[in-house]
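**Q** Structure: input07.pdb, PDB, C-alpha atoms, pLDDT in the B column.
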```pdb
ATOM      1  CA  MET I   1     114.668 111.116 104.671  1.00 42.00           C
ATOM      2  CA  SER I   2     116.987 108.207 105.342  1.00 41.00           C
ATOM      3  CA  SER I   3     118.888 107.672 108.584  1.00 45.00           C
ATOM      4  CA  ASP I   4     122.046 108.809 106.793  1.00 42.00           C
ATOM      5  CA  ASP I   5     120.541 112.248 106.248  1.00 42.00           C
ATOM      6  CA  ALA I   6     120.178 113.127 109.914  1.00 45.00           C
ATOM      7  CA  PRO I   7     119.211 116.794 110.295  1.00 48.00           C
ATOM      8  CA  GLY I   8     121.221 117.212 113.475  1.00 52.00           C
ATOM      9  CA  LEU I   9     124.657 116.102 114.588  1.00 75.00           C
ATOM     10  CA  SER I  10     123.320 114.857 117.896  1.00 89.00           C
ATOM     11  CA  GLY I  11     120.409 112.681 118.779  1.00 95.00           C
ATOM     12  CA  HIS I  12     118.810 109.909 120.762  1.00 97.00           C
ATOM     13  CA  VAL I  13     117.242 106.584 119.858  1.00 98.00           C
ATOM     14  CA  LEU I  14     113.684 105.687 120.869  1.00 98.00           C
ATOM     15  CA  ASP I  15     112.519 102.158 121.615  1.00 97.00           C
ATOM     16  CA  LEU I  16     108.879 101.088 121.424  1.00 96.00           C
ATOM     17  CA  SER I  17     108.084 102.021 125.018  1.00 95.00           C
ATOM     18  CA  ALA I  18     109.642 105.472 124.566  1.00 97.00           C
ATOM     19  CA  LEU I  19     107.792 106.087 121.326  1.00 96.00           C
ATOM     20  CA  THR I  20     104.382 105.224 122.777  1.00 94.00           C
ATOM     21  CA  HIS I  21     105.225 107.108 125.989  1.00 95.00           C
ATOM     22  CA  LEU I  22     106.081 110.264 124.037  1.00 96.00           C
ATOM     23  CA  ALA I  23     103.169 109.922 121.624  1.00 95.00           C
ATOM     24  CA  ALA I  24     100.792 109.803 124.594  1.00 93.00           C
ATOM     25  CA  GLY I  25     102.637 112.627 126.376  1.00 94.00           C
ATOM     26  CA  GLU I  26     102.711 110.457 129.485  1.00 95.00           C
ATOM     27  CA  SER I  27     105.306 112.448 131.415  1.00 96.00           C
ATOM     28  CA  MET I  28     106.205 116.125 131.576  1.00 97.00           C
ATOM     29  CA  TYR I  29     109.850 115.130 131.326  1.00 98.00           C
ATOM     30  CA  GLY I  30     109.205 113.300 128.072  1.00 97.00           C
ATOM     31  CA  ARG I  31     107.336 116.313 126.691  1.00 97.00           C
ATOM     32  CA  GLU I  32     110.242 118.554 127.605  1.00 98.00           C
ATOM     33  CA  VAL I  33     112.728 116.196 125.963  1.00 98.00           C
ATOM     34  CA  VAL I  34     110.759 116.458 122.713  1.00 98.00           C
ATOM     35  CA  ARG I  35     110.297 120.237 123.036  1.00 97.00           C
ATOM     36  CA  GLN I  36     114.002 120.847 123.531  1.00 97.00           C
ATOM     37  CA  ALA I  37     114.873 118.416 120.751  1.00 96.00           C
ATOM     38  CA  ALA I  38     112.674 120.488 118.421  1.00 96.00           C
ATOM     39  CA  VAL I  39     114.186 123.781 119.598  1.00 95.00           C
ATOM     40  CA  TYR I  40     117.774 122.620 119.201  1.00 93.00           C
ATOM     41  CA  GLY I  41     117.307 120.339 116.198  1.00 93.00           C
ATOM     42  CA  VAL I  42     118.274 117.171 118.061  1.00 95.00           C
ATOM     43  CA  THR I  43     117.353 114.045 116.096  1.00 96.00           C
ATOM     44  CA  LEU I  44     115.045 111.429 117.607  1.00 97.00           C
ATOM     45  CA  LEU I  45     115.807 108.211 115.752  1.00 97.00           C
ATOM     46  CA  VAL I  46     113.004 105.639 115.532  1.00 97.00           C
ATOM     47  CA  PRO I  47     113.480 102.006 114.452  1.00 97.00           C
ATOM     48  CA  VAL I  48     111.261 101.438 111.430  1.00 97.00           C
ATOM     49  CA  LEU I  49     109.226  98.679 113.075  1.00 96.00           C
ATOM     50  CA  ALA I  50     108.312 100.974 115.973  1.00 96.00           C
ATOM     51  CA  ALA I  51     107.234 103.691 113.551  1.00 96.00           C
ATOM     52  CA  GLN I  52     105.170 101.163 111.624  1.00 94.00           C
ATOM     53  CA  TYR I  53     103.496 100.028 114.840  1.00 93.00           C
ATOM     54  CA  LEU I  54     102.636 103.595 115.855  1.00 93.00           C
ATOM     55  CA  ALA I  55     101.280 104.450 112.413  1.00 92.00           C
ATOM     56  CA  ALA I  56      99.180 101.269 112.264  1.00 91.00           C
ATOM     57  CA  TYR I  57      97.862 101.042 115.813  1.00 88.00           C
ATOM     58  CA  HIS I  58      97.832 104.680 116.900  1.00 83.00           C
ATOM     59  CA  ALA I  59      96.676 106.202 113.637  1.00 79.00           C
ATOM     60  CA  GLY I  60      95.664 109.835 113.809  1.00 77.00           C
ATOM     61  CA  LYS I  61      96.694 111.836 116.831  1.00 73.00           C
ATOM     62  CA  GLY I  62      99.244 109.408 118.222  1.00 74.00           C
ATOM     63  CA  SER I  63     101.133 109.000 114.996  1.00 83.00           C
ATOM     64  CA  ALA I  64     101.399 112.804 114.599  1.00 92.00           C
ATOM     65  CA  LEU I  65     104.636 112.511 116.572  1.00 95.00           C
ATOM     66  CA  LEU I  66     106.201 110.938 113.480  1.00 95.00           C
ATOM     67  CA  ASN I  67     105.561 114.169 111.555  1.00 95.00           C
ATOM     68  CA  LEU I  68     107.971 116.205 113.670  1.00 97.00           C
ATOM     69  CA  SER I  69     110.956 117.502 111.698  1.00 96.00           C
ATOM     70  CA  ILE I  70     113.362 115.970 114.224  1.00 96.00           C
ATOM     71  CA  ILE I  71     111.973 112.441 113.923  1.00 97.00           C
ATOM     72  CA  LEU I  72     114.028 110.217 111.687  1.00 96.00           C
ATOM     73  CA  ILE I  73     112.967 106.658 110.839  1.00 97.00           C
ATOM     74  CA  ALA I  74     115.854 104.195 110.738  1.00 96.00           C
ATOM     75  CA  PRO I  75     115.509 101.447 108.101  1.00 94.00           C
ATOM     76  CA  PHE I  76     116.331  97.814 108.752  1.00 92.00           C
ATOM     77  CA  ASP I  77     118.265  95.691 106.271  1.00 87.00           C
ATOM     78  CA  SER I  78     120.289  92.478 106.073  1.00 85.00           C
ATOM     79  CA  VAL I  79     123.296  94.108 107.738  1.00 84.00           C
ATOM     80  CA  HIS I  80     121.156  95.043 110.709  1.00 84.00           C
ATOM     81  CA  LEU I  81     119.802  91.516 110.801  1.00 86.00           C
ATOM     82  CA  ALA I  82     123.270  90.127 111.497  1.00 85.00           C
ATOM     83  CA  VAL I  83     124.193  92.647 114.197  1.00 89.00           C
ATOM     84  CA  THR I  84     120.884  92.714 116.058  1.00 89.00           C
ATOM     85  CA  THR I  85     120.155  88.994 116.269  1.00 88.00           C
ATOM     86  CA  PRO I  86     122.664  88.351 119.107  1.00 88.00           C
ATOM     87  CA  PHE I  87     120.704  90.715 121.380  1.00 94.00           C
ATOM     88  CA  THR I  88     117.389  88.967 121.016  1.00 93.00           C
ATOM     89  CA  GLU I  89     117.976  86.084 123.420  1.00 93.00           C
ATOM     90  CA  THR I  90     118.789  88.360 126.365  1.00 95.00           C
ATOM     91  CA  LEU I  91     116.044  90.806 125.407  1.00 95.00           C
ATOM     92  CA  ASP I  92     113.489  88.027 125.161  1.00 93.00           C
ATOM     93  CA  ARG I  93     114.462  86.686 128.569  1.00 93.00           C
ATOM     94  CA  ASN I  94     114.241  90.175 130.071  1.00 94.00           C
ATOM     95  CA  ALA I  95     110.930  90.848 128.351  1.00 93.00           C
ATOM     96  CA  ARG I  96     109.400  87.677 129.800  1.00 91.00           C
ATOM     97  CA  ARG I  97     110.544  88.729 133.268  1.00 88.00           C
ATOM     98  CA  LEU I  98     109.469  92.333 132.741  1.00 82.00           C
ATOM     99  CA  SER I  99     105.798  91.643 132.274  1.00 74.00           C
ATOM    100  CA  THR I 100     103.596  88.624 132.115  1.00 70.00           C
ATOM    101  CA  ASP I 101     100.863  90.873 130.708  1.00 77.00           C
ATOM    102  CA  LEU I 102     102.528  91.148 127.307  1.00 80.00           C
ATOM    103  CA  THR I 103     100.970  89.034 124.602  1.00 87.00           C
ATOM    104  CA  GLU I 104     103.266  86.921 122.465  1.00 88.00           C
ATOM    105  CA  ARG I 105     102.942  89.431 119.628  1.00 89.00           C
ATOM    106  CA  GLU I 106     103.672  92.413 121.874  1.00 89.00           C
ATOM    107  CA  ARG I 107     106.700  90.704 123.354  1.00 92.00           C
ATOM    108  CA  VAL I 108     108.166  89.827 119.964  1.00 94.00           C
ATOM    109  CA  LEU I 109     107.578  93.355 118.694  1.00 94.00           C
ATOM    110  CA  THR I 110     109.188  94.838 121.820  1.00 95.00           C
ATOM    111  CA  VAL I 111     112.232  92.586 121.491  1.00 96.00           C
ATOM    112  CA  LEU I 112     112.778  93.209 117.763  1.00 95.00           C
ATOM    113  CA  VAL I 113     112.477  96.979 118.101  1.00 97.00           C
ATOM    114  CA  ALA I 114     114.783  96.932 121.134  1.00 97.00           C
ATOM    115  CA  ALA I 115     117.433  94.935 119.262  1.00 96.00           C
ATOM    116  CA  HIS I 116     117.400  97.447 116.422  1.00 96.00           C
ATOM    117  CA  ALA I 117     117.437 100.350 118.890  1.00 97.00           C
ATOM    118  CA  ILE I 118     120.490  98.909 120.685  1.00 97.00           C
ATOM    119  CA  HIS I 119     122.408  98.699 117.423  1.00 96.00           C
ATOM    120  CA  LEU I 120     121.458 102.264 116.454  1.00 96.00           C
ATOM    121  CA  SER I 121     122.454 103.521 119.890  1.00 96.00           C
ATOM    122  CA  GLN I 122     125.784 101.703 119.945  1.00 95.00           C
ATOM    123  CA  SER I 123     126.759 102.536 116.369  1.00 93.00           C
ATOM    124  CA  ARG I 124     126.043 106.251 116.768  1.00 94.00           C
ATOM    125  CA  GLY I 125     127.010 106.650 120.400  1.00 94.00           C
ATOM    126  CA  TRP I 126     123.551 108.036 121.129  1.00 96.00           C
ATOM    127  CA  ARG I 127     121.498 107.337 124.237  1.00 97.00           C
ATOM    128  CA  LEU I 128     118.577 104.951 124.023  1.00 98.00           C
ATOM    129  CA  LEU I 129     115.406 106.453 125.471  1.00 98.00           C
ATOM    130  CA  THR I 130     113.144 103.901 127.128  1.00 97.00           C
ATOM    131  CA  ALA I 131     110.320 103.581 129.628  1.00 96.00           C
ATOM    132  CA  THR I 132     111.313  99.969 130.288  1.00 94.00           C
ATOM    133  CA  PRO I 133     115.003 100.063 131.310  1.00 95.00           C
ATOM    134  CA  SER I 134     114.978  96.569 132.801  1.00 94.00           C
ATOM    135  CA  LEU I 135     114.548  95.259 129.265  1.00 95.00           C
ATOM    136  CA  TYR I 136     118.226  96.100 128.705  1.00 97.00           C
ATOM    137  CA  GLU I 137     119.700  94.413 131.770  1.00 95.00           C
ATOM    138  CA  GLY I 138     122.926  92.627 130.867  1.00 95.00           C
ATOM    139  CA  ILE I 139     123.363  94.587 127.631  1.00 96.00           C
ATOM    140  CA  ASP I 140     125.985  97.289 127.176  1.00 94.00           C
ATOM    141  CA  VAL I 141     123.862 100.242 126.084  1.00 96.00           C
ATOM    142  CA  ARG I 142     123.467 103.756 127.497  1.00 96.00           C
ATOM    143  CA  THR I 143     119.845 104.359 128.390  1.00 97.00           C
ATOM    144  CA  GLU I 144     117.833 107.380 129.468  1.00 97.00           C
ATOM    145  CA  ILE I 145     114.752 106.486 131.459  1.00 97.00           C
ATOM    146  CA  LEU I 146     111.376 108.062 130.806  1.00 97.00           C
ATOM    147  CA  PRO I 147     109.391 108.035 134.066  1.00 94.00           C
TER     148      PRO I 147
ATOM    149  CA  MET V   1     113.393 131.864  92.801  1.00 89.00           C
ATOM    150  CA  THR V   2     114.192 134.693  95.173  1.00 90.00           C
ATOM    151  CA  GLN V   3     112.696 138.070  95.969  1.00 93.00           C
ATOM    152  CA  ARG V   4     114.503 141.170  97.081  1.00 92.00           C
ATOM    153  CA  ILE V   5     112.914 142.733 100.172  1.00 91.00           C
ATOM    154  CA  THR V   6     114.108 145.368 102.591  1.00 92.00           C
ATOM    155  CA  VAL V   7     114.143 144.543 106.278  1.00 90.00           C
ATOM    156  CA  SER V   8     115.316 146.506 109.292  1.00 93.00           C
ATOM    157  CA  LEU V   9     117.318 144.662 111.925  1.00 93.00           C
ATOM    158  CA  PRO V  10     118.676 145.697 115.316  1.00 94.00           C
ATOM    159  CA  ASP V  11     122.354 146.657 115.111  1.00 95.00           C
ATOM    160  CA  ASP V  12     123.624 143.485 116.779  1.00 95.00           C
ATOM    161  CA  LEU V  13     121.647 141.167 114.506  1.00 93.00           C
ATOM    162  CA  ALA V  14     122.558 143.156 111.397  1.00 93.00           C
ATOM    163  CA  ALA V  15     126.237 142.919 112.329  1.00 94.00           C
ATOM    164  CA  ARG V  16     125.908 139.193 112.907  1.00 93.00           C
ATOM    165  CA  ALA V  17     124.212 138.643 109.554  1.00 92.00           C
ATOM    166  CA  LYS V  18     126.788 140.754 107.697  1.00 92.00           C
ATOM    167  CA  ALA V  19     129.675 138.963 109.404  1.00 94.00           C
ATOM    168  CA  THR V  20     128.652 135.693 107.751  1.00 94.00           C
ATOM    169  CA  GLY V  21     129.458 137.150 104.354  1.00 94.00           C
ATOM    170  CA  ASN V  22     126.030 136.230 103.030  1.00 93.00           C
ATOM    171  CA  ALA V  23     123.390 138.016 105.054  1.00 93.00           C
ATOM    172  CA  SER V  24     120.588 136.843 102.785  1.00 92.00           C
ATOM    173  CA  ALA V  25     121.464 133.169 103.257  1.00 94.00           C
ATOM    174  CA  TYR V  26     121.831 133.676 106.991  1.00 93.00           C
ATOM    175  CA  VAL V  27     118.416 135.326 107.328  1.00 93.00           C
ATOM    176  CA  ALA V  28     116.808 132.723 105.057  1.00 94.00           C
ATOM    177  CA  GLU V  29     118.195 129.906 107.202  1.00 93.00           C
ATOM    178  CA  ALA V  30     116.981 131.587 110.383  1.00 93.00           C
ATOM    179  CA  LEU V  31     113.499 131.968 108.902  1.00 94.00           C
ATOM    180  CA  ARG V  32     113.500 128.325 107.800  1.00 94.00           C
ATOM    181  CA  ASN V  33     114.421 127.214 111.310  1.00 93.00           C
ATOM    182  CA  GLN V  34     111.733 129.418 112.816  1.00 95.00           C
ATOM    183  CA  SER V  35     109.182 128.027 110.384  1.00 96.00           C
ATOM    184  CA  ARG V  36     110.235 124.453 111.194  1.00 96.00           C
ATOM    185  CA  LEU V  37     109.964 125.122 114.911  1.00 96.00           C
ATOM    186  CA  GLU V  38     106.512 126.719 114.605  1.00 97.00           C
ATOM    187  CA  ARG V  39     105.320 123.695 112.641  1.00 97.00           C
ATOM    188  CA  ASP V  40     106.722 121.295 115.242  1.00 97.00           C
ATOM    189  CA  MET V  41     105.121 123.242 118.107  1.00 97.00           C
ATOM    190  CA  ALA V  42     101.778 123.108 116.260  1.00 96.00           C
ATOM    191  CA  ILE V  43     102.129 119.317 115.966  1.00 96.00           C
ATOM    192  CA  LEU V  44     102.820 119.030 119.699  1.00 96.00           C
ATOM    193  CA  ALA V  45      99.767 121.157 120.496  1.00 95.00           C
ATOM    194  CA  GLU V  46      97.674 118.894 118.280  1.00 93.00           C
ATOM    195  CA  LEU V  47      99.182 115.806 119.898  1.00 93.00           C
ATOM    196  CA  TRP V  48      99.062 116.799 123.555  1.00 94.00           C
ATOM    197  CA  GLY V  49      96.506 119.634 123.571  1.00 93.00           C
ATOM    198  CA  GLU V  50      96.833 123.356 124.178  1.00 92.00           C
ATOM    199  CA  GLY V  51      98.806 124.216 127.290  1.00 93.00           C
ATOM    200  CA  TRP V  52     100.701 120.920 127.009  1.00 95.00           C
ATOM    201  CA  ASP V  53     103.832 122.429 128.511  1.00 91.00           C
ATOM    202  CA  ALA V  54     102.211 124.141 131.495  1.00 93.00           C
ATOM    203  CA  GLY V  55     103.252 121.493 133.998  1.00 90.00           C
ATOM    204  CA  ILE V  56     106.891 121.193 132.997  1.00 95.00           C
ATOM    205  CA  SER V  57     109.069 121.789 136.040  1.00 96.00           C
ATOM    206  CA  ASP V  58     112.506 123.347 136.282  1.00 96.00           C
ATOM    207  CA  SER V  59     113.940 119.943 137.124  1.00 96.00           C
ATOM    208  CA  ASP V  60     112.390 118.496 133.945  1.00 96.00           C
ATOM    209  CA  ARG V  61     114.022 121.320 131.961  1.00 96.00           C
ATOM    210  CA  GLU V  62     117.386 120.826 133.626  1.00 95.00           C
ATOM    211  CA  ARG V  63     117.335 117.081 133.115  1.00 95.00           C
ATOM    212  CA  ALA V  64     116.344 117.428 129.454  1.00 96.00           C
ATOM    213  CA  SER V  65     119.038 120.066 128.898  1.00 95.00           C
ATOM    214  CA  HIS V  66     121.571 117.718 130.403  1.00 94.00           C
ATOM    215  CA  LEU V  67     120.365 114.886 128.167  1.00 94.00           C
ATOM    216  CA  HIS V  68     120.726 117.075 125.090  1.00 92.00           C
ATOM    217  CA  GLY V  69     124.168 118.190 126.202  1.00 87.00           C
ATOM    218  CA  ARG V  70     123.064 121.791 126.540  1.00 74.00           C
ATOM    219  CA  GLU V  71     123.614 124.529 129.072  1.00 59.00           C
ATOM    220  CA  ILE V  72     120.765 124.545 131.542  1.00 54.00           C
ATOM    221  CA  GLU V  73     117.753 126.142 129.908  1.00 51.00           C
ATOM    222  CA  THR V  74     115.746 128.298 132.277  1.00 47.00           C
ATOM    223  CA  ALA V  75     112.054 129.012 131.946  1.00 43.00           C
TER     224      ALA V  75
END
```
Could I get this file's structure written as structure tokens?

**A**
Amino acid sequence: MSSDDAPGLSGHVLDLSALTHLAAGESMYGREVVRQAAVYGVTLLVPVLAAQYLAAYHAGKGSALLNLSIILIAPFDSVHLAVTTPFTETLDRNARRLSTDLTERERVLTVLVAAHAIHLSQSRGWRLLTATPSLYEGIDVRTEILP
Amino acid sequence: MTQRITVSLPDDLAARAKATGNASAYVAEALRNQSRLERDMAILAELWGEGWDAGISDSDRERASHLHGREIETA
């Protein structure tokens, strides 16, 4: 299913931290968010790179989250490239401040997924779910924090 | 392909289905949604283990309901 075929009229966008948080079931709040989304048919929109990461590095149980009917994977194309690039400088600066434990590869992945997630959130008017809210400091995006 | 079956419904649900003008389509959609939900709950049980929702508090439910723009869902 493409992102234009959203099953529900409402939804939220997940960044990389939210996706891994939910896949691991780290918080009861996060579990309840997913449960209610399933009950009410609320879409959880996942940037394609985040989905690819989960499928590749959390194969098996973790990636089962992607099989939920409410999960929709948002593609990335040349249009997205133009609108997401301006976010990357701020995101990269925030990511460096956020954690010195991130490897270069992890930081780049986090930043690219976040840039896509911001665009999806802004263009649809949907909240961006994240476990790392400080990543979005200085950027106009509505976030919902996973504890 | 479709099959004709006879089902008995409580009065209120029968009235609701009839009021749509296409009771069969209404019931089929409800069954599809139920099937989808059962499948999703099975995935969550596989992902997080049986009893995965046992520790969800009322405040978690309220906050999630608010996020989804719903009336507060009680346990």

**Q** Leaving out Asn67 (chain I) and any residue of its chain fewer than 6 positions from it, which residues lie within 10 Å of it when counting only C-alpha atoms, given as a list in words?

**A** Arg39, Asp40, Ile43 and Leu44 of chain V

**Q** Pick out the residues sitting within 12 Å of region 8-17 of chain V, and hand them over as a list of chain:residue names; count all atoms listed in the file, and ignore anything fewer than 6 positions along from it in its own chain.

**A** V:Ala23, V:Ser24, V:Ala25, V:Tyr26, V:Val27, V:Ala28, V:Glu29, V:Ala30

**Q** As a PyMOL selection string, please: the residues near region 91-104 of chain I (cut-off 8 Å, all atoms listed in the file, same-chain neighbours under 4 positions excluded).

**A** chain I and resi 87+108+110-111+114-115+134-137

**Q** When the PyMOL selection byres ((chain V) within 6 of (chain I)) is applied to the file above, which residues end up in the set, as number ranges by chain?

**A** V: 40, 47, 56, 60, 64

**Q** For CA of Ala50 (chain I) and CA of Leu129 (chain I), determine how far apart the two atoms are, in Å to one decimal place.

**A** 13.1 Å

**Q** Starting from the displayed file, determine the output of the PyMOL selection byres ((chain I and resi 126) around 12) and express the residue list as number ranges by chain.

**A** I: 9-14, 42-45, 117-125, 127-129, 141-144; V: 67-69

**Q** What does the file look like for those residues with C-alpha atoms, as a short mmCIF file (atom, residue, chain, number, x, y, z; two decimals), in the coordinates of the input?

**A**
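Written output follows (part.cif):
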```
data_model
loop_
_atom_site.label_atom_id
_atom_site.label_comp_id
_atom_site.auth_asym_id
_atom_site.auth_seq_id
_atom_site.Cartn_x
_atom_site.Cartn_y
_atom_site.Cartn_z
CA LEU I 9 124.66 116.10 114.59
CA SER I 10 123.32 114.86 117.90
CA GLY I 11 120.41 112.68 118.78
CA HIS I 12 118.81 109.91 120.76
CA VAL I 13 117.24 106.58 119.86
CA LEU I 14 113.68 105.69 120.87
CA VAL I 42 118.27 117.17 118.06
CA THR I 43 117.35 114.04 116.10
CA LEU I 44 115.04 111.43 117.61
CA LEU I 45 115.81 108.21 115.75
CA ALA I 117 117.44 100.35 118.89
CA ILE I 118 120.49 98.91 120.68
CA HIS I 119 122.41 98.70 117.42
CA LEU I 120 121.46 102.26 116.45
CA SER I 121 122.45 103.52 119.89
CA GLN I 122 125.78 101.70 119.94
CA SER I 123 126.76 102.54 116.37
CA ARG I 124 126.04 106.25 116.77
CA GLY I 125 127.01 106.65 120.40
CA ARG I 127 121.50 107.34 124.24
CA LEU I 128 118.58 104.95 124.02
CA LEU I 129 115.41 106.45 125.47
CA VAL I 141 123.86 100.24 126.08
CA ARG I 142 123.47 103.76 127.50
CA THR I 143 119.84 104.36 128.39
CA GLU I 144 117.83 107.38 129.47
CA LEU V 67 120.36 114.89 128.17
CA HIS V 68 120.73 117.08 125.09
CA GLY V 69 124.17 118.19 126.20
#
```

**Q** In terms of the shortest atom-to-atom distance over all atoms listed in the file, which of I:Val48, I:Pro133, I:His58, I:Glu106 is closest to Ala74 (chain I)?

**A** I:Val48

**Q** State, in Å with one decimal place, the distance from CA of Thr84 (chain I) to CA of Thr130 (chain I).

**A**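 Atom-to-atom, CA of Thr84 (chain I) to CA of Thr130 (chain I), that is 17.5 Å.
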
**Q** For CA of Val113 (chain I) and CA of Leu49 (chain I), determine how far apart the two atoms are, in Å to one decimal place.

**A** 6.2 Å
